[in-house]
Amino acid sequence: MTSAQADGGQWVNPLRTPDDKRLPRIAGPSGMVIFGVTGDLAKRKLLPAVYDLANRGLLPAGFTLVGFGRRDWSKQDFEDYVRTSVENGSRTRFNENVWNRLAEGMHFVKGAFDDDEAFERLASLMSEMDTTRGTAGNWAFYLSVPPEHFSSVVHQLDRCGMAAPRERQWRRIIIEKPFGHDLASAHELNEVVNQVFPEHAVFRIDHYLGKETVQNIMALRFANQLFEPIWNANYIDHVQITMAEDIGLGGRAGYYDGIGAARDVIQNHLIQLLALVAMEEPASFSPRQLKAEKLKVLRATSPVEPFDQTTARGQYAAGWQGSERVVGLREEQGFDPNSLTETYAACTLRVNTRRWAGVPFYLRTGKRLGRRVTEIALVLKRPPYQPFQEGQTDLLTNNAVVLRIQPDEGVLMRFGSKVPGSTMEVRDVNMDFSYTEAFTEQSPEAYERLILDALLDESSLFPTNQEVERSWEILDPILNYWSQHGRPDEYPAGTWGPDSANRMLEANRHVWRRP
């Protein structure tokens with residue numbers, strides 16, 4: 001790695017010119033405190049991501065990682081815990097030299113969120129690290145904890161003076177979803193955080209926005225003349241945004257009850273994907289310009305009524321997941337069999353702009369569906385005139401552009417082609433672009449990108465408080481309707497949702513894609 005010089009709290013590669021975007025940006029002197037470091041998210045995602053960044057040379061030499069939790073751990077205990085997480089979950093190959101350098105800056109502070117002395121010890125440790133490790137007063141606080149603890153942690157950081165940076169220093173807070181459970185709670189949560197941390201220092205994690213294929217939506221649209229001319233209501237019939245999982249609740253039944261599929265996925269992931277698909281071209285990809293366009297399109301988005309015809313919800317019942325017989329939701333251990341919490345949610349949204357007038361956006365998500373897949377399908381209108389005889393196009397469906405977010409990352413185009421032979425018969429064929437076949441580079445994990453962006457003060461991929469609250473404004477009317485009208489429909493595990501979801505599209509003579 002080329003040597004770098006300090007400039008305004010970041011490392012600047014001396015071989016990099018301001019216009020050269022190919023060389024990676026390296027985080028400047030900094031440290032990170034993870035609250036909830038013993039939780040599942042930190043163990044599976046955050047700690048491996050920190051190691052992978054270090055292994056790629058994207059963290060400064062003196063980077064310091066501090067864990068905060070109730071465990072009675074020494075520094076060595078914490079190092080052993082992190083190493084196990086890294087060896088089990090890192091994307092890059094384990095390198096002993098990289099690990100030793102990273103482990104030098106690992107520390108653990110024992111305490112609870114209401115333990116004043118623990119936070120004072122944390123403040124003292126941070127001050128010591130600024131001197132001995134060269135973190136220069138630059139700290140990110142990662143709240144990998146339930147939202148009900150946000151207020152306590154933020155208050156303690158404020159009380160001990162850890163939230164307020166001195167001149168030429170920075171302090172930032174990184175928050176995991178869920179960002180509330182409705183508009184009122186999201187607004188209250190934002191007020192709690194913004195009373196201590198200004199909005200520019202708040203980084204709300206939506207890990208979907210860190211995926212390479214999500215960022216490729218902007219490249220696909222704005223770097224190519226091929227797609228943007230048809231990216232409007234003149235050519236697009238409807239849009240389907242799907243996030244399907246083939247797993248059930250498993251051990252998360254207690255956590256999931258009362259949240260449900262709409263709050264867990266639609267409010268954040270799917271509405272953010274809609275914003276990227278439907279927004280206008282930004283003047284640049286600076287955080288300010290990108291967020292302005294996303295917020296503009298979200299303000300033009302609204303749910304379509306009547307909700308008994310334009311939405312659907314369900315709970316999975318017993319069935320077959322592949323070759324395995326699985327139990328239904330109400331038989332899951334720890335789940336209230338009388339609960340109205342949905343594991344499948346679908347809704348119809350409209351974007352009230354000239355570009356998208358009359359184009360329905362169908363959003364759906366669910367557990368125990370046919371397979372694990374996330375995709376965005378833009379289904380085009382039929383040609384206004386087709387000079388074919390009867391029967392020649394019976395096997396031809398609407399053209400489509402499908403953006404595959406996971407797991408088979410890529411772009412698929414579906415169009416009609418003549419079947420070889422002496423007669424004119426047209427049917428669907430696919431043109432398929434695959435990331436793994438086109439590029440030799442392995443895409444970084446979403447948390448790698450997002451943690452590095454937070455350390456670099458690059459906020460393009462982080463929703464603002466206005467985006468979060470507007471998303472709840474869109475979803476709340478649907479949730480309120482569901483809370484007053486019966487219980488979710490059942491659907492067998494391994495299928496693609498309840499019958500009501502199919503009827504929801506049939507009203508417009510549309511059908512769901514079967515990925």
# chains A, B, ... in the order shown; residues from 1 in each chain; ligands from 1
>>> residues_around(residues="Leu295 of chain A", least_positions_apart="3", cutoff="12 Å", atoms="only C-alpha atoms", output="list in words")
Ile271, Gln272, Leu274, Ala275, Leu276, Ala278, Met279, Glu280, Pro282, Pro287, Arg288, Gln289, Leu290, Lys291, Ala292, Leu298, Arg299, Ala300, Thr301, Pro463, Thr464, Asn465, Gln466, Glu467, Val468, Glu469, Arg470 and Ser471 of chain A
>>> write_last_selection(atoms="N, CA, C and O atoms", output="JSON list (two decimals), in the first residue's frame")
[["chain", "number", "residue", "atom", "x", "y", "z"],
["A", 271, "ILE", "N", -38.68, 0.33, 0.12],
["A", 271, "ILE", "CA", -38.99, 1.72, -0.23],
["A", 271, "ILE", "C", -37.73, 2.46, -0.66],
["A", 271, "ILE", "O", -37.77, 3.31, -1.55],
["A", 272, "GLN", "N", -36.59, 2.09, -0.08],
["A", 272, "GLN", "CA", -35.33, 2.68, -0.55],
["A", 272, "GLN", "C", -35.01, 2.23, -1.97],
["A", 272, "GLN", "O", -34.54, 3.01, -2.80],
["A", 274, "LEU", "N", -37.24, 1.41, -4.21],
["A", 274, "LEU", "CA", -38.17, 2.18, -5.04],
["A", 274, "LEU", "C", -37.63, 3.57, -5.32],
["A", 274, "LEU", "O", -37.70, 4.07, -6.45],
["A", 275, "ALA", "N", -37.08, 4.22, -4.30],
["A", 275, "ALA", "CA", -36.56, 5.58, -4.47],
["A", 275, "ALA", "C", -35.44, 5.61, -5.50],
["A", 275, "ALA", "O", -35.37, 6.52, -6.34],
["A", 276, "LEU", "N", -34.54, 4.62, -5.47],
["A", 276, "LEU", "CA", -33.44, 4.59, -6.42],
["A", 276, "LEU", "C", -33.92, 4.32, -7.84],
["A", 276, "LEU", "O", -33.37, 4.84, -8.81],
["A", 278, "ALA", "N", -37.01, 5.09, -9.02],
["A", 278, "ALA", "CA", -37.96, 6.09, -9.52],
["A", 278, "ALA", "C", -37.43, 7.52, -9.49],
["A", 278, "ALA", "O", -38.04, 8.40, -10.11],
["A", 279, "MET", "N", -36.31, 7.79, -8.82],
["A", 279, "MET", "CA", -35.85, 9.16, -8.67],
["A", 279, "MET", "C", -35.38, 9.73, -10.01],
["A", 279, "MET", "O", -35.06, 9.01, -10.94],
["A", 280, "GLU", "N", -35.34, 11.06, -10.05],
["A", 280, "GLU", "CA", -34.79, 11.74, -11.22],
["A", 280, "GLU", "C", -33.26, 11.74, -11.13],
["A", 280, "GLU", "O", -32.67, 11.47, -10.09],
["A", 282, "PRO", "N", -29.73, 12.84, -10.45],
["A", 282, "PRO", "CA", -29.15, 13.90, -9.61],
["A", 282, "PRO", "C", -28.11, 14.70, -10.38],
["A", 282, "PRO", "O", -27.52, 14.22, -11.36],
["A", 287, "PRO", "N", -23.56, 13.36, -1.61],
["A", 287, "PRO", "CA", -24.64, 13.00, -0.68],
["A", 287, "PRO", "C", -25.81, 13.97, -0.71],
["A", 287, "PRO", "O", -26.96, 13.55, -0.70],
["A", 288, "ARG", "N", -25.53, 15.26, -0.80],
["A", 288, "ARG", "CA", -26.61, 16.25, -0.77],
["A", 288, "ARG", "C", -27.52, 16.10, -1.97],
["A", 288, "ARG", "O", -28.75, 16.10, -1.85],
["A", 289, "GLN", "N", -26.94, 15.96, -3.16],
["A", 289, "GLN", "CA", -27.74, 15.87, -4.38],
["A", 289, "GLN", "C", -28.52, 14.56, -4.44],
["A", 289, "GLN", "O", -29.70, 14.53, -4.83],
["A", 290, "LEU", "N", -27.86, 13.47, -4.07],
["A", 290, "LEU", "CA", -28.51, 12.17, -4.14],
["A", 290, "LEU", "C", -29.68, 12.08, -3.16],
["A", 290, "LEU", "O", -30.78, 11.61, -3.50],
["A", 291, "LYS", "N", -29.47, 12.56, -1.96],
["A", 291, "LYS", "CA", -30.54, 12.51, -0.95],
["A", 291, "LYS", "C", -31.69, 13.43, -1.33],
["A", 291, "LYS", "O", -32.86, 13.11, -1.06],
["A", 292, "ALA", "N", -31.39, 14.55, -1.97],
["A", 292, "ALA", "CA", -32.46, 15.46, -2.38],
["A", 292, "ALA", "C", -33.39, 14.79, -3.39],
["A", 292, "ALA", "O", -34.62, 14.93, -3.31],
["A", 298, "LEU", "N", -39.80, 10.24, -2.81],
["A", 298, "LEU", "CA", -40.56, 9.67, -1.70],
["A", 298, "LEU", "C", -41.73, 10.57, -1.32],
["A", 298, "LEU", "O", -42.81, 10.08, -0.96],
["A", 299, "ARG", "N", -41.54, 11.86, -1.41],
["A", 299, "ARG", "CA", -42.64, 12.78, -1.11],
["A", 299, "ARG", "C", -43.75, 12.69, -2.15],
["A", 299, "ARG", "O", -44.90, 13.07, -1.88],
["A", 300, "ALA", "N", -43.41, 12.19, -3.34],
["A", 300, "ALA", "CA", -44.42, 12.02, -4.39],
["A", 300, "ALA", "C", -45.03, 10.63, -4.37],
["A", 300, "ALA", "O", -45.90, 10.34, -5.19],
["A", 301, "THR", "N", -44.62, 9.77, -3.43],
["A", 301, "THR", "CA", -45.08, 8.39, -3.37],
["A", 301, "THR", "C", -46.19, 8.24, -2.34],
["A", 301, "THR", "O", -46.11, 8.82, -1.25],
["A", 463, "PRO", "N", -29.84, 6.62, 4.85],
["A", 463, "PRO", "CA", -31.08, 7.40, 4.85],
["A", 463, "PRO", "C", -31.05, 8.52, 5.89],
["A", 463, "PRO", "O", -30.54, 8.33, 7.00],
["A", 464, "THR", "N", -31.62, 9.65, 5.54],
["A", 464, "THR", "CA", -31.73, 10.78, 6.47],
["A", 464, "THR", "C", -32.96, 10.60, 7.35],
["A", 464, "THR", "O", -33.83, 9.76, 7.08],
["A", 465, "ASN", "N", -33.06, 11.44, 8.38],
["A", 465, "ASN", "CA", -34.25, 11.38, 9.23],
["A", 465, "ASN", "C", -35.51, 11.70, 8.43],
["A", 465, "ASN", "O", -36.58, 11.13, 8.67],
["A", 466, "GLN", "N", -35.41, 12.59, 7.43],
["A", 466, "GLN", "CA", -36.57, 12.91, 6.61],
["A", 466, "GLN", "C", -37.00, 11.73, 5.76],
["A", 466, "GLN", "O", -38.20, 11.47, 5.60],
["A", 467, "GLU", "N", -36.05, 10.99, 5.21],
["A", 467, "GLU", "CA", -36.38, 9.80, 4.43],
["A", 467, "GLU", "C", -37.06, 8.75, 5.30],
["A", 467, "GLU", "O", -38.04, 8.11, 4.89],
["A", 468, "VAL", "N", -36.53, 8.55, 6.50],
["A", 468, "VAL", "CA", -37.10, 7.56, 7.40],
["A", 468, "VAL", "C", -38.54, 7.92, 7.75],
["A", 468, "VAL", "O", -39.45, 7.09, 7.67],
["A", 469, "GLU", "N", -38.76, 9.16, 8.12],
["A", 469, "GLU", "CA", -40.10, 9.57, 8.51],
["A", 469, "GLU", "C", -41.07, 9.54, 7.33],
["A", 469, "GLU", "O", -42.24, 9.17, 7.49],
["A", 470, "ARG", "N", -40.59, 9.92, 6.15],
["A", 470, "ARG", "CA", -41.47, 9.87, 4.98],
["A", 470, "ARG", "C", -41.84, 8.42, 4.64],
["A", 470, "ARG", "O", -42.98, 8.15, 4.24],
["A", 471, "SER", "N", -40.92, 7.48, 4.82],
["A", 471, "SER", "CA", -41.23, 6.08, 4.57],
["A", 471, "SER", "C", -42.34, 5.58, 5.50],
["A", 471, "SER", "O", -43.23, 4.82, 5.08]]
>>> residues_around(residues="Leu380 of chain A", least_positions_apart="3", cutoff="9 Å", atoms="only C-alpha atoms", output="ChimeraX atom specification")
/A:230,235-239,383,398-401
>>> write_last_selection(atoms="C-alpha atoms", output="short mmCIF file (atom, residue, chain, number, x, y, z; two decimals), in the first residue's frame")
data_model
loop_
_atom_site.label_atom_id
_atom_site.label_comp_id
_atom_site.auth_asym_id
_atom_site.auth_seq_id
_atom_site.Cartn_x
_atom_site.Cartn_y
_atom_site.Cartn_z
CA ILE A 230 -37.63 3.84 -21.66
CA TYR A 235 -42.91 2.31 -21.82
CA ILE A 236 -43.12 0.77 -18.33
CA ASP A 237 -46.35 -1.05 -17.52
CA HIS A 238 -45.60 -1.76 -13.86
CA VAL A 239 -42.71 -2.40 -11.46
CA PRO A 383 -46.19 -2.92 -28.44
CA ASN A 398 -44.21 -8.58 -21.72
CA ASN A 399 -40.59 -7.53 -22.16
CA ALA A 400 -38.85 -6.96 -18.84
CA VAL A 401 -35.65 -5.60 -17.35
#
>>> closest_atom_pairs(of="segment 352-443 of chain A", to="segment 207-220 of chain A", cutoff="8 Å", atoms="only C-alpha atoms", output="tab-separated table")
residue	atom	partner	partner_atom	distance
A:Leu403	CA	A:Ile217	CA	7.8
A:Arg404	CA	A:Thr213	CA	7.4
A:Ile405	CA	A:Thr213	CA	5.3
A:Gln406	CA	A:Thr213	CA	7.9
A:Glu409	CA	A:Thr213	CA	6.5
A:Gly410	CA	A:Thr213	CA	7.2
A:Ser443	CA	A:Glu212	CA	6.6
>>> write_last_selection(atoms="all heavy atoms", output="PDB file, in the first residue's frame")
ATOM      1  N   LEU A 403     -33.452  -6.443 -12.416  1.00  0.00           N
ATOM      2  CA  LEU A 403     -32.217  -6.186 -11.669  1.00  0.00           C
ATOM      3  C   LEU A 403     -32.169  -7.167 -10.508  1.00  0.00           C
ATOM      4  O   LEU A 403     -32.984  -7.083  -9.584  1.00  0.00           O
ATOM      5  CB  LEU A 403     -32.192  -4.742 -11.152  1.00  0.00           C
ATOM      6  CG  LEU A 403     -32.600  -3.650 -12.149  1.00  0.00           C
ATOM      7  CD1 LEU A 403     -32.529  -2.284 -11.485  1.00  0.00           C
ATOM      8  CD2 LEU A 403     -31.731  -3.695 -13.379  1.00  0.00           C
ATOM      9  N   ARG A 404     -31.246  -8.114 -10.567  1.00  0.00           N
ATOM     10  CA  ARG A 404     -31.136  -9.128  -9.525  1.00  0.00           C
ATOM     11  C   ARG A 404     -30.168  -8.632  -8.447  1.00  0.00           C
ATOM     12  O   ARG A 404     -28.968  -8.512  -8.679  1.00  0.00           O
ATOM     13  CB  ARG A 404     -30.644 -10.454 -10.115  1.00  0.00           C
ATOM     14  CG  ARG A 404     -31.601 -11.066 -11.137  1.00  0.00           C
ATOM     15  CD  ARG A 404     -31.251 -12.544 -11.380  1.00  0.00           C
ATOM     16  NE  ARG A 404     -29.847 -12.703 -11.731  1.00  0.00           N
ATOM     17  CZ  ARG A 404     -29.389 -12.738 -12.983  1.00  0.00           C
ATOM     18  NH1 ARG A 404     -30.220 -12.610 -14.000  1.00  0.00           N
ATOM     19  NH2 ARG A 404     -28.102 -12.900 -13.220  1.00  0.00           N
ATOM     20  N   ILE A 405     -30.706  -8.373  -7.261  1.00  0.00           N
ATOM     21  CA  ILE A 405     -29.894  -7.852  -6.156  1.00  0.00           C
ATOM     22  C   ILE A 405     -29.152  -8.983  -5.463  1.00  0.00           C
ATOM     23  O   ILE A 405     -27.981  -8.870  -5.121  1.00  0.00           O
ATOM     24  CB  ILE A 405     -30.782  -7.100  -5.146  1.00  0.00           C
ATOM     25  CG1 ILE A 405     -31.633  -6.028  -5.865  1.00  0.00           C
ATOM     26  CG2 ILE A 405     -29.937  -6.463  -4.054  1.00  0.00           C
ATOM     27  CD1 ILE A 405     -30.843  -5.002  -6.616  1.00  0.00           C
ATOM     28  N   GLN A 406     -29.826 -10.098  -5.217  1.00  0.00           N
ATOM     29  CA  GLN A 406     -29.217 -11.277  -4.617  1.00  0.00           C
ATOM     30  C   GLN A 406     -30.118 -12.480  -4.875  1.00  0.00           C
ATOM     31  O   GLN A 406     -31.312 -12.316  -5.098  1.00  0.00           O
ATOM     32  CB  GLN A 406     -28.973 -11.090  -3.123  1.00  0.00           C
ATOM     33  CG  GLN A 406     -30.236 -11.007  -2.295  1.00  0.00           C
ATOM     34  CD  GLN A 406     -29.982 -10.967  -0.801  1.00  0.00           C
ATOM     35  OE1 GLN A 406     -28.905 -10.674  -0.319  1.00  0.00           O
ATOM     36  NE2 GLN A 406     -31.006 -11.268  -0.038  1.00  0.00           N
ATOM     37  N   GLU A 409     -26.403 -12.142  -8.504  1.00  0.00           N
ATOM     38  CA  GLU A 409     -26.326 -10.725  -8.824  1.00  0.00           C
ATOM     39  C   GLU A 409     -26.126 -10.496 -10.318  1.00  0.00           C
ATOM     40  O   GLU A 409     -25.244 -11.087 -10.944  1.00  0.00           O
ATOM     41  CB  GLU A 409     -25.180 -10.061  -8.048  1.00  0.00           C
ATOM     42  CG  GLU A 409     -25.386 -10.014  -6.540  1.00  0.00           C
ATOM     43  CD  GLU A 409     -24.869 -11.236  -5.818  1.00  0.00           C
ATOM     44  OE1 GLU A 409     -24.528 -12.227  -6.510  1.00  0.00           O
ATOM     45  OE2 GLU A 409     -24.816 -11.227  -4.571  1.00  0.00           O
ATOM     46  N   GLY A 410     -26.961  -9.630 -10.875  1.00  0.00           N
ATOM     47  CA  GLY A 410     -26.824  -9.337 -12.292  1.00  0.00           C
ATOM     48  C   GLY A 410     -28.039  -8.626 -12.847  1.00  0.00           C
ATOM     49  O   GLY A 410     -28.880  -8.106 -12.104  1.00  0.00           O
ATOM     50  N   SER A 443     -17.094  -8.782  -4.829  1.00  0.00           N
ATOM     51  CA  SER A 443     -17.741  -7.604  -4.256  1.00  0.00           C
ATOM     52  C   SER A 443     -17.567  -7.588  -2.742  1.00  0.00           C
ATOM     53  O   SER A 443     -17.725  -8.627  -2.085  1.00  0.00           O
ATOM     54  CB  SER A 443     -19.233  -7.596  -4.589  1.00  0.00           C
ATOM     55  OG  SER A 443     -19.444  -7.510  -5.972  1.00  0.00           O
TER      56      SER A 443
END
>>> residues_around(residues="Leu475 of chain A", least_positions_apart="6", cutoff="12 Å", atoms="only C-alpha atoms", output="JSON list (two decimals) with N, CA, C and O atoms, in the first residue's frame")
[["chain", "number", "residue", "atom", "x", "y", "z"],
["A", 181, "HIS", "N", -41.23, 2.06, 14.96],
["A", 181, "HIS", "CA", -42.22, 1.10, 14.46],
["A", 181, "HIS", "C", -43.41, 1.79, 13.82],
["A", 181, "HIS", "O", -44.32, 1.14, 13.33],
["A", 182, "ASP", "N", -43.40, 3.13, 13.81],
["A", 182, "ASP", "CA", -44.37, 3.93, 13.07],
["A", 182, "ASP", "C", -43.83, 5.35, 13.01],
["A", 182, "ASP", "O", -42.71, 5.63, 13.48],
["A", 183, "LEU", "N", -44.59, 6.26, 12.41],
["A", 183, "LEU", "CA", -44.09, 7.62, 12.23],
["A", 183, "LEU", "C", -43.81, 8.30, 13.55],
["A", 183, "LEU", "O", -42.77, 8.95, 13.73],
["A", 261, "ALA", "N", -43.42, -8.41, 8.56],
["A", 261, "ALA", "CA", -42.68, -8.26, 7.31],
["A", 261, "ALA", "C", -42.68, -6.84, 6.78],
["A", 261, "ALA", "O", -41.68, -6.37, 6.25],
["A", 262, "ALA", "N", -43.79, -6.13, 6.91],
["A", 262, "ALA", "CA", -43.87, -4.78, 6.36],
["A", 262, "ALA", "C", -42.92, -3.84, 7.09],
["A", 262, "ALA", "O", -42.18, -3.06, 6.47],
["A", 263, "ARG", "N", -42.93, -3.88, 8.41],
["A", 263, "ARG", "CA", -42.04, -3.01, 9.19],
["A", 263, "ARG", "C", -40.58, -3.43, 9.02],
["A", 263, "ARG", "O", -39.68, -2.60, 8.99],
["A", 264, "ASP", "N", -40.34, -4.73, 8.93],
["A", 264, "ASP", "CA", -38.98, -5.26, 8.90],
["A", 264, "ASP", "C", -38.29, -5.02, 7.57],
["A", 264, "ASP", "O", -37.08, -4.81, 7.53],
["A", 265, "VAL", "N", -39.06, -5.02, 6.47],
["A", 265, "VAL", "CA", -38.44, -4.99, 5.14],
["A", 265, "VAL", "C", -38.97, -3.87, 4.25],
["A", 265, "VAL", "O", -38.21, -3.13, 3.63],
["A", 266, "ILE", "N", -40.30, -3.73, 4.16],
["A", 266, "ILE", "CA", -40.86, -2.76, 3.20],
["A", 266, "ILE", "C", -40.50, -1.34, 3.58],
["A", 266, "ILE", "O", -40.08, -0.54, 2.74],
["A", 267, "GLN", "N", -40.65, -0.99, 4.86],
["A", 267, "GLN", "CA", -40.44, 0.40, 5.28],
["A", 267, "GLN", "C", -39.04, 0.89, 4.98],
["A", 267, "GLN", "O", -38.85, 2.07, 4.66],
["A", 268, "ASN", "N", -38.06, 0.02, 5.03],
["A", 268, "ASN", "CA", -36.68, 0.48, 4.82],
["A", 268, "ASN", "C", -36.13, -0.02, 3.48],
["A", 268, "ASN", "O", -35.94, 0.75, 2.55],
["A", 270, "LEU", "N", -37.26, -1.97, 0.84],
["A", 270, "LEU", "CA", -37.97, -1.93, -0.43],
["A", 270, "LEU", "C", -38.34, -0.50, -0.84],
["A", 270, "LEU", "O", -38.30, -0.16, -2.02],
["A", 271, "ILE", "N", -38.68, 0.33, 0.12],
["A", 271, "ILE", "CA", -38.99, 1.72, -0.23],
["A", 271, "ILE", "C", -37.73, 2.46, -0.66],
["A", 271, "ILE", "O", -37.77, 3.31, -1.55],
["A", 298, "LEU", "N", -39.80, 10.24, -2.81],
["A", 298, "LEU", "CA", -40.56, 9.67, -1.70],
["A", 298, "LEU", "C", -41.73, 10.57, -1.32],
["A", 298, "LEU", "O", -42.81, 10.08, -0.96],
["A", 301, "THR", "N", -44.62, 9.77, -3.43],
["A", 301, "THR", "CA", -45.08, 8.39, -3.37],
["A", 301, "THR", "C", -46.19, 8.24, -2.34],
["A", 301, "THR", "O", -46.11, 8.82, -1.25],
["A", 302, "SER", "N", -47.20, 7.46, -2.68],
["A", 302, "SER", "CA", -48.32, 7.25, -1.75],
["A", 302, "SER", "C", -48.89, 5.86, -1.97],
["A", 302, "SER", "O", -48.77, 5.27, -3.05],
["A", 303, "PRO", "N", -49.53, 5.29, -0.94],
["A", 303, "PRO", "CA", -50.18, 3.98, -1.10],
["A", 303, "PRO", "C", -51.47, 4.12, -1.90],
["A", 303, "PRO", "O", -52.12, 5.16, -1.87],
["A", 304, "VAL", "N", -51.82, 3.05, -2.60],
["A", 304, "VAL", "CA", -53.03, 3.04, -3.42],
["A", 304, "VAL", "C", -54.16, 2.36, -2.65],
["A", 304, "VAL", "O", -53.97, 1.29, -2.07],
["A", 307, "PHE", "N", -57.42, -0.57, 0.39],
["A", 307, "PHE", "CA", -56.38, -1.49, 0.85],
["A", 307, "PHE", "C", -56.82, -2.95, 0.84],
["A", 307, "PHE", "O", -55.97, -3.85, 0.82],
["A", 311, "THR", "N", -53.55, -4.42, -1.20],
["A", 311, "THR", "CA", -52.54, -4.95, -0.28],
["A", 311, "THR", "C", -52.87, -6.41, 0.03],
["A", 311, "THR", "O", -53.98, -6.88, -0.21],
["A", 345, "ALA", "N", -46.00, -9.69, 3.28],
["A", 345, "ALA", "CA", -46.65, -8.39, 3.10],
["A", 345, "ALA", "C", -46.46, -7.94, 1.67],
["A", 345, "ALA", "O", -45.37, -8.06, 1.10],
["A", 346, "ALA", "N", -47.53, -7.42, 1.07],
["A", 346, "ALA", "CA", -47.47, -6.86, -0.27],
["A", 346, "ALA", "C", -48.34, -5.63, -0.32],
["A", 346, "ALA", "O", -49.38, -5.55, 0.34],
["A", 347, "CYS", "N", -47.92, -4.65, -1.09],
["A", 347, "CYS", "CA", -48.70, -3.42, -1.20],
["A", 347, "CYS", "C", -48.48, -2.78, -2.57],
["A", 347, "CYS", "O", -47.51, -3.09, -3.26],
["A", 348, "THR", "N", -49.40, -1.92, -2.93],
["A", 348, "THR", "CA", -49.32, -1.19, -4.19],
["A", 348, "THR", "C", -49.08, 0.28, -3.89],
["A", 348, "THR", "O", -49.83, 0.90, -3.12],
["A", 349, "LEU", "N", -48.03, 0.83, -4.48],
["A", 349, "LEU", "CA", -47.71, 2.24, -4.31],
["A", 349, "LEU", "C", -47.77, 2.93, -5.66],
["A", 349, "LEU", "O", -47.59, 2.30, -6.70],
["A", 363, "LEU", "N", -44.80, -3.92, -4.21],
["A", 363, "LEU", "CA", -43.74, -4.31, -3.28],
["A", 363, "LEU", "C", -44.20, -5.53, -2.51],
["A", 363, "LEU", "O", -45.34, -5.57, -2.01],
["A", 468, "VAL", "N", -36.53, 8.55, 6.50],
["A", 468, "VAL", "CA", -37.10, 7.56, 7.40],
["A", 468, "VAL", "C", -38.54, 7.92, 7.75],
["A", 468, "VAL", "O", -39.45, 7.09, 7.67],
["A", 469, "GLU", "N", -38.76, 9.16, 8.12],
["A", 469, "GLU", "CA", -40.10, 9.57, 8.51],
["A", 469, "GLU", "C", -41.07, 9.54, 7.33],
["A", 469, "GLU", "O", -42.24, 9.17, 7.49],
["A", 481, "TYR", "N", -54.71, 0.09, 8.66],
["A", 481, "TYR", "CA", -55.83, -0.67, 8.09],
["A", 481, "TYR", "C", -55.75, -2.13, 8.49],
["A", 481, "TYR", "O", -56.75, -2.73, 8.91],
["A", 482, "TRP", "N", -54.57, -2.72, 8.38],
["A", 482, "TRP", "CA", -54.41, -4.13, 8.73],
["A", 482, "TRP", "C", -54.75, -4.38, 10.20],
["A", 482, "TRP", "O", -55.32, -5.42, 10.53]]
>>> select_by_dssp(residues="segment 199-433 of chain A", states="strand (DSSP E or B)", output="PyMOL selection string")
chain A and resi 202-205+236-244+301-303+311-317+319-321+324-326+344-351+360-366+369+373-380+395+400-406+410-418+426-433
>>> decode(residues="segment 201-209 of chain A", atoms="N, CA, C and O atoms", output="short mmCIF file (atom, residue, chain, number, x, y, z; two decimals), in the first residue's frame")
data_model
loop_
_atom_site.label_atom_id
_atom_site.label_comp_id
_atom_site.auth_asym_id
_atom_site.auth_seq_id
_atom_site.Cartn_x
_atom_site.Cartn_y
_atom_site.Cartn_z
N ALA A 201 -23.93 14.05 11.46
CA ALA A 201 -23.10 13.09 12.17
C ALA A 201 -23.84 11.79 12.47
O ALA A 201 -23.32 10.93 13.17
N VAL A 202 -25.06 11.64 11.92
CA VAL A 202 -25.88 10.45 12.17
C VAL A 202 -25.89 9.59 10.90
O VAL A 202 -26.24 10.07 9.82
N PHE A 203 -25.52 8.33 11.05
CA PHE A 203 -25.46 7.39 9.93
C PHE A 203 -26.39 6.21 10.23
O PHE A 203 -26.07 5.37 11.07
N ARG A 204 -27.53 6.19 9.56
CA ARG A 204 -28.52 5.12 9.76
C ARG A 204 -28.23 4.00 8.76
O ARG A 204 -28.29 4.20 7.56
N ILE A 205 -27.95 2.83 9.28
CA ILE A 205 -27.55 1.70 8.44
C ILE A 205 -28.78 1.03 7.80
O ILE A 205 -29.69 0.59 8.50
N ASP A 206 -28.82 1.02 6.50
CA ASP A 206 -29.69 0.12 5.75
C ASP A 206 -28.75 -0.71 4.90
O ASP A 206 -28.27 -0.26 3.86
N HIS A 207 -28.46 -1.93 5.35
CA HIS A 207 -27.37 -2.69 4.72
C HIS A 207 -27.65 -2.98 3.25
O HIS A 207 -26.72 -3.22 2.48
N TYR A 208 -28.92 -2.92 2.83
CA TYR A 208 -29.20 -3.16 1.42
C TYR A 208 -28.57 -2.10 0.53
O TYR A 208 -28.18 -2.37 -0.61
N LEU A 209 -28.47 -0.87 1.04
CA LEU A 209 -27.90 0.21 0.24
C LEU A 209 -26.40 0.05 0.07
O LEU A 209 -25.79 0.70 -0.78
#
